Amino acid sequence: KDVENASAKALGQHDAELLLSYLTVPYLRIPLVVSFFSSEDRIHLLQVPKLQALLDAVLFEPGGHLPARSAELEPQDVPASAPELLGTPHHLLLHELCRSPKTLVEGVLRLAHQATDLDTGTFKASTTTVILYVVRLAARFDNYVSFLLQYDAGEHDSIR
């Protein structure tokens, strides 16, 4: 109950509506939500565990899977009469990093820079939870980027 109250207080009505609208856009969700949190005035929202979980879910949940047998097929109508074609053969984050990495990488880097700017030199500061969360998020994000770079260079263990 306290976490719900903290989430409600952390987000104003405008920000809540904006964030909810971003969550309804499947293939733009990741860059939009990362950009939302990486703006200067919103880094402190990541003190709220529910908002941390929301950002983790947007970035790291795999999304709809597109089987290899359907990879060459395209939806023929909107809304799609074949919803199984609305997926990706890989993780949504991997798909986003392959197709348009600039906005996403810049957003995560902005989050990391803002988190380091919050450092007051003491572990007991109120911003410590934000700093630790962003470090974990950046490390997980780096794993995805490293995987793609190694895979593209033919050096990843999965293709040796």
# chains A, B, ... in the order shown; residues from 1 in each chain; ligands from 1
>>> residues_around(residues="A:Val105", least_positions_apart="2", cutoff="10 Å", atoms="only C-alpha atoms", output="list in words")
Pro31, Val34, Leu97, Ser100, Pro101, Lys102, Thr103, Gly107, Val108, Leu109, Arg110, Leu111, Ala138, Phe141, Asp142 and Val145 of chain A
>>> residues_around(residues="stretch 53-61 of chain A", least_positions_apart="6", cutoff="8 Å", atoms="only C-alpha atoms", output="short mmCIF file (atom, residue, chain, number, x, y, z; two decimals) with N, CA, C and O atoms, in the first residue's frame")
data_model
loop_
_atom_site.label_atom_id
_atom_site.label_comp_id
_atom_site.auth_asym_id
_atom_site.auth_seq_id
_atom_site.Cartn_x
_atom_site.Cartn_y
_atom_site.Cartn_z
N ARG A 29 7.84 1.46 -27.46
CA ARG A 29 7.79 1.50 -26.00
C ARG A 29 9.18 1.64 -25.37
O ARG A 29 9.39 2.48 -24.51
N ILE A 30 10.13 0.85 -25.83
CA ILE A 30 11.45 0.85 -25.18
C ILE A 30 12.13 2.21 -25.28
O ILE A 30 12.49 2.79 -24.26
N VAL A 33 10.08 4.99 -23.22
CA VAL A 33 10.13 4.88 -21.75
C VAL A 33 11.53 5.22 -21.24
O VAL A 33 11.68 5.91 -20.23
N VAL A 34 12.56 4.77 -21.95
CA VAL A 34 13.93 5.12 -21.54
C VAL A 34 14.12 6.63 -21.62
O VAL A 34 14.68 7.25 -20.71
N HIS A 91 14.72 -11.19 -28.59
CA HIS A 91 14.27 -10.32 -27.51
C HIS A 91 13.98 -8.92 -28.06
O HIS A 91 14.64 -8.45 -28.98
N LEU A 92 12.96 -8.23 -27.53
CA LEU A 92 12.62 -6.89 -28.01
C LEU A 92 13.79 -5.92 -27.86
O LEU A 92 14.02 -5.08 -28.73
N LEU A 93 14.55 -6.03 -26.77
CA LEU A 93 15.70 -5.15 -26.58
C LEU A 93 16.75 -5.42 -27.65
O LEU A 93 17.33 -4.48 -28.21
N LEU A 137 21.00 -1.57 -13.87
CA LEU A 137 20.34 -1.47 -15.18
C LEU A 137 21.39 -1.31 -16.29
O LEU A 137 21.33 -2.00 -17.32
#
